[in-house]
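Trainee: My structure is stored as coords37.cif, with mmCIF, C-alpha atoms (C1' of nucleotides).
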```
data_protein
loop_
_atom_site.label_atom_id
_atom_site.label_comp_id
_atom_site.auth_asym_id
_atom_site.auth_seq_id
_atom_site.Cartn_x
_atom_site.Cartn_y
_atom_site.Cartn_z
CA MET A 1 -15.26 -18.16 -1.84
CA THR A 2 -19.05 -17.85 -1.92
CA THR A 3 -20.68 -15.83 -4.64
CA GLN A 4 -22.07 -13.53 -2.01
CA ARG A 5 -18.70 -12.88 -0.44
CA LYS A 6 -17.10 -12.37 -3.81
CA GLU A 7 -19.75 -9.80 -4.60
CA ALA A 8 -19.06 -7.94 -1.36
CA LEU A 9 -15.37 -7.76 -2.21
CA ARG A 10 -16.13 -6.51 -5.70
CA ILE A 11 -18.26 -3.74 -4.27
CA ARG A 12 -15.35 -2.60 -2.12
CA LEU A 13 -13.09 -2.50 -5.17
CA ASP A 14 -15.74 -0.57 -7.01
CA GLU A 15 -15.98 1.98 -4.21
CA ALA A 16 -12.22 2.45 -4.45
CA LYS A 17 -12.71 3.13 -8.16
CA LEU A 18 -10.56 0.17 -9.15
CA LYS A 19 -11.07 -2.32 -11.93
CA LYS A 20 -12.48 -5.50 -10.45
CA THR A 21 -9.96 -8.05 -11.62
CA ARG A 22 -9.78 -11.61 -10.40
CA HIS A 23 -6.39 -11.10 -8.75
CA ARG A 24 -7.36 -7.95 -6.93
CA THR A 25 -10.44 -9.65 -5.57
CA MET A 26 -8.32 -12.56 -4.38
CA VAL A 27 -5.71 -10.36 -2.68
CA LEU A 28 -8.40 -8.37 -0.92
CA ASP A 29 -10.06 -11.59 0.13
CA VAL A 30 -6.90 -13.01 1.68
CA LEU A 31 -6.16 -9.83 3.61
CA ASP A 32 -9.74 -9.62 4.78
CA GLN A 33 -9.95 -13.24 5.88
CA GLU A 34 -6.64 -13.32 7.69
CA ASN A 35 -7.03 -9.90 9.28
CA THR A 36 -3.36 -9.86 10.27
CA PHE A 37 -0.11 -8.55 8.89
CA LEU A 38 0.92 -10.38 5.74
CA SER A 39 3.94 -9.97 3.51
CA ALA A 40 3.65 -9.85 -0.26
CA ASP A 41 5.08 -13.33 -0.35
CA ASP A 42 2.58 -14.66 2.21
CA ILE A 43 -0.23 -13.44 0.00
CA TYR A 44 1.43 -14.76 -3.14
CA LEU A 45 1.70 -18.25 -1.65
CA LYS A 46 -1.91 -18.26 -0.55
CA LEU A 47 -3.08 -17.19 -3.99
CA LYS A 48 -0.98 -19.92 -5.56
CA GLN A 49 -3.00 -22.51 -3.69
CA GLU A 50 -6.14 -21.40 -5.46
CA ASP A 51 -4.75 -20.36 -8.80
CA ALA A 52 -1.39 -21.34 -10.21
CA SER A 53 -1.18 -18.42 -12.61
CA VAL A 54 -0.26 -15.57 -10.30
CA SER A 55 3.02 -13.73 -10.18
CA LEU A 56 4.71 -12.12 -7.23
CA SER A 57 5.19 -8.84 -9.04
CA THR A 58 1.45 -8.62 -9.56
CA VAL A 59 0.93 -9.01 -5.85
CA TYR A 60 3.36 -6.15 -5.23
CA ARG A 61 1.59 -3.98 -7.78
CA ILE A 62 -1.83 -4.74 -6.33
CA LEU A 63 -0.64 -3.98 -2.82
CA GLU A 64 0.78 -0.65 -3.97
CA THR A 65 -2.53 0.23 -5.56
CA PHE A 66 -4.46 -0.80 -2.46
CA VAL A 67 -2.22 1.29 -0.21
CA GLN A 68 -2.71 4.33 -2.41
CA THR A 69 -6.47 3.97 -2.39
CA GLY A 70 -6.53 3.35 1.33
CA LEU A 71 -7.85 -0.22 1.20
CA VAL A 72 -4.73 -1.54 2.88
CA SER A 73 -2.20 -0.19 5.37
CA PRO A 74 1.54 -0.88 5.14
CA ILE A 75 3.11 -1.63 8.48
CA ALA A 76 6.75 -1.34 9.34
CA LEU A 77 6.75 -3.82 12.17
CA ASP A 78 9.67 -3.89 14.47
CA ASP A 79 12.89 -4.63 12.63
CA THR A 80 11.55 -7.14 10.13
CA LYS A 81 12.76 -6.92 6.59
CA PRO A 82 9.78 -7.63 4.38
CA MET A 83 7.10 -4.97 4.46
CA LEU A 84 3.85 -6.17 5.94
CA TYR A 85 0.32 -5.21 5.00
CA GLU A 86 -3.04 -5.38 6.71
CA ILE A 87 -6.55 -4.60 5.65
CA ALA A 88 -7.36 -1.01 6.54
CA HIS A 89 -9.67 -0.72 9.50
CA ALA A 90 -12.49 1.73 9.61
CA HIS A 91 -11.17 3.07 12.89
CA HIS A 92 -7.75 4.20 13.88
CA ALA A 93 -6.37 1.27 15.90
CA HIS A 94 -3.35 0.21 17.87
CA HIS A 95 -1.80 -3.22 18.05
CA LEU A 96 -0.71 -5.69 20.63
CA ILE A 97 1.86 -7.84 18.86
CA CYS A 98 3.05 -11.16 20.23
CA ARG A 99 6.78 -11.60 19.76
CA GLN A 100 6.41 -15.37 19.69
CA CYS A 101 3.42 -16.28 17.53
CA HIS A 102 3.12 -12.87 15.82
CA LYS A 103 -0.56 -12.77 16.60
CA VAL A 104 -1.97 -9.27 16.50
CA ILE A 105 -4.70 -7.94 18.76
CA HIS A 106 -6.39 -4.77 17.58
CA VAL A 107 -7.15 -2.14 20.16
CA GLU A 108 -9.71 0.33 18.96
CA HIS A 109 -9.63 2.67 21.90
CA CYS A 110 -7.08 5.44 21.60
CA PRO A 111 -5.85 7.14 24.75
CA LEU A 112 -3.85 9.79 22.94
CA GLU A 113 -6.25 12.31 21.48
CA HIS A 114 -5.83 14.97 24.12
CA TYR A 115 -2.17 14.26 24.49
CA GLU A 116 -1.67 14.80 20.77
CA THR A 117 -3.16 18.28 20.99
CA ARG A 118 -0.86 19.10 23.90
CA LEU A 119 2.16 17.91 21.92
CA GLU A 120 1.21 20.00 18.91
CA LYS A 121 1.08 23.14 21.03
CA ALA A 122 4.26 22.34 22.92
CA HIS A 123 6.37 21.73 19.81
CA GLY A 124 4.68 23.79 17.10
CA PHE A 125 4.12 20.55 15.23
CA THR A 126 1.11 19.65 13.09
CA ILE A 127 0.40 15.98 13.68
CA ASP A 128 -1.59 14.08 11.09
CA GLU A 129 -1.05 10.55 12.34
CA HIS A 130 0.44 8.50 15.09
CA ARG A 131 1.39 4.86 15.32
CA LEU A 132 1.36 2.98 18.56
CA ASN A 133 2.23 -0.68 18.93
CA PHE A 134 2.78 -2.76 22.01
CA TYR A 135 5.13 -5.72 21.95
CA GLY A 136 5.13 -8.64 24.31
CA VAL A 137 3.85 -12.15 24.83
CA CYS A 138 0.23 -13.18 24.49
CA GLU A 139 -1.62 -15.32 27.00
CA ALA A 140 -1.51 -18.50 24.88
CA CYS A 141 2.25 -18.30 24.31
CA ALA A 142 2.91 -17.49 27.96
CA ASN A 143 1.03 -20.65 28.93
CA THR A 144 2.72 -22.99 26.46
CA ASP A 145 6.13 -21.75 27.54
CA GLN A 146 6.16 -23.66 30.77
CA MET B 1 37.21 15.11 16.92
CA THR B 2 38.90 16.43 20.04
CA THR B 3 41.03 14.10 22.11
CA GLN B 4 38.66 14.62 25.01
CA ARG B 5 35.58 13.68 23.00
CA LYS B 6 37.34 10.69 21.52
CA GLU B 7 38.19 9.55 25.02
CA ALA B 8 34.55 9.83 26.11
CA LEU B 9 33.46 7.67 23.17
CA ARG B 10 36.11 5.09 23.97
CA ILE B 11 34.88 4.87 27.53
CA ARG B 12 31.37 4.11 26.27
CA LEU B 13 32.74 1.33 24.08
CA ASP B 14 34.67 0.01 27.01
CA GLU B 15 31.55 -0.05 29.17
CA ALA B 16 29.83 -2.09 26.47
CA LYS B 17 32.74 -4.52 26.66
CA LEU B 18 33.70 -3.90 23.04
CA LYS B 19 37.13 -3.58 21.52
CA LYS B 20 37.85 0.09 20.96
CA THR B 21 38.61 0.14 17.26
CA ARG B 22 38.95 3.27 15.16
CA HIS B 23 35.86 2.48 13.08
CA ARG B 24 33.64 1.75 16.02
CA THR B 25 34.64 5.02 17.62
CA MET B 26 33.84 6.86 14.41
CA VAL B 27 30.43 5.23 13.95
CA LEU B 28 29.49 5.98 17.53
CA ASP B 29 30.68 9.54 17.07
CA VAL B 30 28.54 10.14 13.98
CA LEU B 31 25.41 8.71 15.62
CA ASP B 32 26.05 10.73 18.74
CA GLN B 33 26.69 13.99 16.92
CA GLU B 34 23.75 13.73 14.55
CA ASN B 35 21.33 12.42 17.18
CA THR B 36 18.84 11.44 14.47
CA PHE B 37 17.92 8.37 12.49
CA LEU B 38 20.66 7.40 10.08
CA SER B 39 20.90 4.56 7.61
CA ALA B 40 24.01 2.40 7.31
CA ASP B 41 24.77 4.20 4.07
CA ASP B 42 24.40 7.66 5.65
CA ILE B 43 26.97 6.67 8.23
CA TYR B 44 29.24 5.10 5.63
CA LEU B 45 29.29 8.29 3.57
CA LYS B 46 30.07 10.43 6.59
CA LEU B 47 32.94 8.17 7.60
CA LYS B 48 34.29 8.29 4.05
CA GLN B 49 34.74 12.04 4.40
CA GLU B 50 37.17 11.53 7.23
CA ASP B 51 38.79 8.29 6.22
CA ALA B 52 38.74 6.75 2.77
CA SER B 53 39.42 3.21 3.95
CA VAL B 54 36.05 2.18 5.33
CA SER B 55 33.73 -0.40 3.89
CA LEU B 56 29.96 -0.50 4.00
CA SER B 57 29.92 -4.06 5.28
CA THR B 58 31.97 -2.98 8.28
CA VAL B 59 29.39 -0.32 9.04
CA TYR B 60 26.66 -2.95 8.95
CA ARG B 61 28.66 -5.23 11.21
CA ILE B 62 29.37 -2.45 13.68
CA LEU B 63 25.71 -1.44 13.76
CA GLU B 64 24.68 -5.02 14.44
CA THR B 65 27.14 -5.18 17.33
CA PHE B 66 25.93 -1.86 18.72
CA VAL B 67 22.30 -2.93 18.58
CA GLN B 68 23.09 -6.14 20.42
CA THR B 69 24.94 -4.32 23.17
CA GLY B 70 22.24 -1.69 23.42
CA LEU B 71 24.35 1.27 22.33
CA VAL B 72 22.10 1.89 19.35
CA SER B 73 18.41 1.34 18.56
CA PRO B 74 17.15 0.15 15.19
CA ILE B 75 14.04 1.98 14.06
CA ALA B 76 11.52 0.75 11.55
CA LEU B 77 10.26 4.15 10.52
CA ASP B 78 7.10 4.37 8.55
CA ASP B 79 7.39 2.59 5.23
CA THR B 80 11.00 3.39 4.45
CA LYS B 81 13.15 0.68 2.99
CA PRO B 82 16.59 1.04 4.55
CA MET B 83 16.74 0.32 8.25
CA LEU B 84 17.51 3.38 10.34
CA TYR B 85 19.52 3.59 13.53
CA GLU B 86 19.76 6.09 16.33
CA ILE B 87 21.92 6.38 19.39
CA ALA B 88 20.17 4.72 22.32
CA HIS B 89 18.72 7.18 24.77
CA ALA B 90 18.90 6.65 28.46
CA HIS B 91 15.15 7.10 28.72
CA HIS B 92 12.32 5.53 26.84
CA ALA B 93 11.25 8.19 24.34
CA HIS B 94 8.71 8.87 21.65
CA HIS B 95 9.25 10.72 18.41
CA LEU B 96 7.71 13.53 16.47
CA ILE B 97 8.78 12.94 12.89
CA CYS B 98 8.49 15.59 10.20
CA ARG B 99 7.32 14.10 6.92
CA GLN B 100 9.07 16.83 4.97
CA CYS B 101 12.53 17.38 6.46
CA HIS B 102 12.62 14.11 8.43
CA LYS B 103 13.67 16.00 11.52
CA VAL B 104 12.99 14.07 14.71
CA ILE B 105 11.95 15.59 18.01
CA HIS B 106 12.36 13.37 21.03
CA VAL B 107 9.60 13.41 23.60
CA GLU B 108 10.73 12.01 26.90
CA HIS B 109 7.44 12.10 28.69
CA CYS B 110 5.36 8.96 28.27
CA PRO B 111 1.61 9.16 28.81
CA LEU B 112 1.04 5.42 28.53
CA GLU B 113 2.28 3.78 31.68
CA HIS B 114 -1.08 3.32 33.35
CA TYR B 115 -2.76 2.56 30.08
CA GLU B 116 -0.29 -0.23 29.44
CA THR B 117 -1.17 -1.90 32.72
CA ARG B 118 -4.86 -1.69 31.85
CA LEU B 119 -4.23 -3.26 28.45
CA GLU B 120 -2.25 -6.11 29.96
CA LYS B 121 -5.13 -6.98 32.28
CA ALA B 122 -7.77 -6.61 29.60
CA HIS B 123 -6.05 -8.87 27.07
CA GLY B 124 -3.95 -11.22 29.19
CA PHE B 125 -0.91 -9.88 27.43
CA THR B 126 2.54 -9.29 28.93
CA ILE B 127 3.88 -6.11 27.39
CA ASP B 128 7.62 -5.53 27.41
CA GLU B 129 7.83 -2.55 25.09
CA HIS B 130 5.78 -0.09 23.13
CA ARG B 131 6.63 2.19 20.26
CA LEU B 132 4.85 5.44 19.69
CA ASN B 133 5.64 7.84 16.88
CA PHE B 134 3.81 10.91 15.70
CA TYR B 135 3.95 11.97 12.06
CA GLY B 136 3.29 15.41 10.71
CA VAL B 137 4.89 18.68 9.71
CA CYS B 138 7.26 20.65 11.89
CA GLU B 139 7.01 24.37 12.49
CA ALA B 140 9.90 25.27 10.18
CA CYS B 141 8.52 23.29 7.24
CA ALA B 142 5.01 24.64 7.78
CA ASN B 143 6.41 28.16 7.55
CA THR B 144 8.52 27.66 4.44
CA ASP B 145 5.59 26.05 2.66
CA GLN B 146 3.76 29.29 2.07
"C1'" DG C 1 50.47 -14.28 19.80
"C1'" DT C 2 45.54 -14.79 19.53
"C1'" DA C 3 40.82 -13.59 19.06
"C1'" DG C 4 38.27 -11.07 16.62
"C1'" DG C 5 37.65 -6.76 13.46
"C1'" DT C 6 37.96 -5.31 8.57
"C1'" DG C 7 38.06 -4.90 3.21
"C1'" DC C 8 36.68 -6.78 -0.84
"C1'" DA C 9 33.85 -9.24 -3.77
"C1'" DA C 10 30.19 -12.14 -4.31
"C1'" DA C 11 25.77 -13.87 -2.89
"C1'" DG C 12 21.11 -13.31 -1.01
"C1'" DA C 13 16.62 -11.31 0.07
"C1'" DG C 14 13.04 -8.17 -1.03
"C1'" DT C 15 11.19 -5.16 -4.37
"C1'" DT C 16 10.71 -2.70 -8.82
"C1'" DT C 17 10.60 -2.24 -13.80
"C1'" DG C 18 10.29 -3.03 -19.11
"C1'" DC C 19 7.91 -5.16 -22.37
"C1'" DA C 20 4.69 -8.24 -24.71
"C1'" DT C 21 0.23 -10.26 -23.90
"C1'" DA C 22 -4.38 -10.63 -21.75
"C1'" DC C 23 -8.40 -8.73 -19.75
"C1'" DG C 24 -12.08 -5.32 -17.77
"C1'" DC C 25 -15.05 -1.97 -19.14
"C1'" DG D 1 -11.38 -1.33 -29.12
"C1'" DC D 2 -8.89 1.26 -25.53
"C1'" DG D 3 -6.54 1.51 -21.45
"C1'" DT D 4 -4.71 -0.84 -18.00
"C1'" DA D 5 -3.56 -5.30 -15.41
"C1'" DT D 6 -0.60 -9.13 -15.60
"C1'" DG D 7 3.42 -12.65 -16.34
"C1'" DC D 8 7.99 -13.17 -16.99
"C1'" DA D 9 12.62 -12.05 -16.63
"C1'" DA D 10 15.90 -8.91 -15.60
"C1'" DA D 11 17.45 -5.08 -12.84
"C1'" DC D 12 17.94 -2.77 -8.62
"C1'" DT D 13 18.55 -1.80 -3.60
"C1'" DC D 14 19.67 -3.15 0.85
"C1'" DT D 15 22.00 -6.44 3.61
"C1'" DT D 16 24.77 -10.54 4.70
"C1'" DT D 17 28.62 -13.70 4.15
"C1'" DG D 18 33.29 -16.06 3.02
"C1'" DC D 19 37.83 -15.49 3.15
"C1'" DA D 20 42.37 -13.41 3.54
"C1'" DC D 21 44.53 -9.90 6.08
"C1'" DC D 22 45.10 -6.70 9.87
"C1'" DT D 23 44.70 -4.77 14.64
"C1'" DA D 24 43.56 -4.36 19.70
"C1'" DC D 25 44.67 -6.33 23.71
#
```
Turn the structure described in the file into structure tokens.
Mentor:
Amino acid sequence: MTTQRKEALRIRLDEAKLKKTRHRTMVLDVLDQENTFLSADDIYLKLKQEDASVSLSTVYRILETFVQTGLVSPIALDDTKPMLYEIAHAHHAHHLICRQCHKVIHVEHCPLEHYETRLEKAHGFTIDEHRLNFYGVCEACANTDQ
Amino acid sequence: MTTQRKEALRIRLDEAKLKKTRHRTMVLDVLDQENTFLSADDIYLKLKQEDASVSLSTVYRILETFVQTGLVSPIALDDTKPMLYEIAHAHHAHHLICRQCHKVIHVEHCPLEHYETRLEKAHGFTIDEHRLNFYGVCEACANTDQ
DNA sequence: GTAGGTGCAAAGAGTTTGCATACGC
DNA sequence: GCGTATGCAAACTCTTTGCACCTAC
């Protein structure tokens, strides 16, 4: 990790009003670099490669903190057991998720804004969030299949 | 459970090519009656009220069978730990989920069909399914809040 | 009668927690 | 130096599995 990059990560922790510890910086770095859904264990293993002295429970605690401060979003993908996490994106986004390679494509455009208002009126519901994911097979996997 | 209702449930099991056991009928009955998301444990407790001799592992095994035959859909709701299940609906549906009482409103209309085609072309992705859930507060909960 | 469904207990996976120590501010 | 982050181990929750027995067909 370059000094410059490290500094950028530390600034983001600072903005979230969190102590800038080595482990938090590393977890944020991994999530930011990968830019995909990762489990606590995925992150733990990656950290291990750089620094032997990390514990899985710390990763869980850091992720909990990050979720609460909005740095990271938890994602209940499909019917997978371990909870997955991704770096929070500035914009509300949807996902195209490949069932084979688990690659995730982020779709920033949201077609549902007007529809949401209609739903609220129709059902007397106050909506604060929606989650939309598409599942299928990406181009690369479709090609390697044959 | 009336004889008539029991018979209707048994026919549905038969159509799924499953042996019509007492426990399977009961699990299907609970899911059908409640028409909401239930965890394996929720179902287990309800069955216990009618019949003491049921085990939780049987409920899990029945749910797995039902999911495979398409009678029931597993739902990874939000960031909840236990997996939830609901009776499979004939039509693709979306959900309005109340964060307070966990009531679920089913929305049968889907505004995404054309959008999905556009996405497929734009990203070279073959989409086989999408999941759309709205989170917020229902009318009843909003009223009791004050 | 046979294939497969079920109960029980034990194991497994993922996650959380208590406590002593280490570290950021 | 104070408050909190962390490591370790143990506990906890949800789910699966092995095996003997039972039930639907």
Trainee: Any chance you could work out the residue set of the PyMOL selection byres ((chain A) within 7 of (chain B)) here, as a ChimeraX atom specification?
Mentor: /A:74-79,124-139
Trainee: Select, counting all atoms listed in the file, all protein, DNA and RNA residues no farther than 12 Å from (-5.5, -11.8, -9.5) in file coordinates, and express the selection as a PyMOL selection string.
Mentor: (chain A and resi 19-30+43-44+46-48+50-63) or (chain C and resi 23) or (chain D and resi 5-7)
Trainee: Restricting the calculation to all atoms listed in the file: of A:Asp41, A:Glu7, A:Glu113, A:Glu15, which residue gets closest to chain C?
Mentor: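 Looking at the shortest contact to chain C, the residue is A:Asp41.
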Trainee: Could you please determine the separation between atom CA of B:Arg118 and atom CA of A:Ile87 in Å, to one decimal place?
Mentor: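 Computing it gives 26.4 Å between the two atoms.
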Trainee: Report the distance between atom CA of B:Asn35 and atom CA of B:Leu18 in Å, rounded to one decimal place.
Mentor: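 That distance, rounded to one decimal, is 21.3 Å.
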Trainee: Rounded to one decimal, what separation in Å do you get between atom C1' of C:DT16 and atom C1' of D:DC12?
Mentor: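 Going from atom C1' of C:DT16 over to atom C1' of D:DC12, I get 7.2 Å.
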Trainee: Residues near D:DG18, anyone? I mean within 12 Å using all atoms listed in the file, not counting same-chain ones fewer than 2 positions away, as a PyMOL selection string.
Mentor: (chain C and resi 8-11) or (chain D and resi 16+20)
Trainee: Written as a list in words, what is the full residue list that the PyMOL selection byres ((chain D and resi 11) around 10) yields on the file shown?
Mentor: DT16, DT17 and DG18 of chain C; DA9, DA10, DC12 and DT13 of chain D
Trainee: Take the residues from that selection and write them out as a PDB file, in the frame of the given file, keeping C-alpha atoms (C1' of nucleotides).
Mentor:
```
ATOM      1  C1'  DT C  16      10.710  -2.700  -8.820  1.00  0.00           C
ATOM      2  C1'  DT C  17      10.600  -2.240 -13.800  1.00  0.00           C
ATOM      3  C1'  DG C  18      10.290  -3.030 -19.110  1.00  0.00           C
TER       4       DG C  18
ATOM      5  C1'  DA D   9      12.620 -12.050 -16.630  1.00  0.00           C
ATOM      6  C1'  DA D  10      15.900  -8.910 -15.600  1.00  0.00           C
ATOM      7  C1'  DC D  12      17.940  -2.770  -8.620  1.00  0.00           C
ATOM      8  C1'  DT D  13      18.550  -1.800  -3.600  1.00  0.00           C
TER       9       DT D  13
END
```
Trainee: Within 12 Å of chain B, which residues of chain D come that close, and what is the closest atom pair and distance in Å for each? Count all atoms listed in the file and give it as JSON lines.
Mentor:
```
{"residue": "D:DT13", "atom": "C1'", "partner": "B:Pro82", "partner_atom": "CA", "distance": 8.9}
{"residue": "D:DC14", "atom": "C1'", "partner": "B:Pro82", "partner_atom": "CA", "distance": 6.4}
{"residue": "D:DT15", "atom": "C1'", "partner": "B:Tyr60", "partner_atom": "CA", "distance": 7.9}
{"residue": "D:DT16", "atom": "C1'", "partner": "B:Ser57", "partner_atom": "CA", "distance": 8.3}
{"residue": "D:DT17", "atom": "C1'", "partner": "B:Ser57", "partner_atom": "CA", "distance": 9.8}
{"residue": "D:DC22", "atom": "C1'", "partner": "B:Thr21", "partner_atom": "CA", "distance": 12.0}
{"residue": "D:DT23", "atom": "C1'", "partner": "B:Thr21", "partner_atom": "CA", "distance": 8.2}
{"residue": "D:DA24", "atom": "C1'", "partner": "B:Lys19", "partner_atom": "CA", "distance": 6.7}
{"residue": "D:DC25", "atom": "C1'", "partner": "B:Lys19", "partner_atom": "CA", "distance": 8.3}
```
Trainee: Give as a PyMOL selection string every residue of chain C that touches chain A within 9 Å, counting all atoms listed in the file.
Mentor: chain C and resi 13-16+23-25
Trainee: Closest to B:Thr69 among B:His109, B:His91, B:Lys121, B:Lys17, using all atoms listed in the file?
Mentor: B:Lys17
Trainee: Take every atom of stretch 7-25 of chain D listed in the file, fit an axis-aligned box around them, add 4 Å per side, and give the centre and edge lengths in Å to one decimal as AutoDock Vina command-line options.
Mentor:
```
--center_x 24.3 --center_y -8.9 --center_z 3.4 --size_x 49.7 --size_y 22.3 --size_z 48.7
```
Trainee: For a quick check of understanding, using only C-alpha atoms, which of A:Leu71, A:Cys101, A:Leu38, A:Asn143 has the smallest distance to A:Leu9?
Mentor: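 Distance minimum relative to A:Leu9 lands on A:Leu71.
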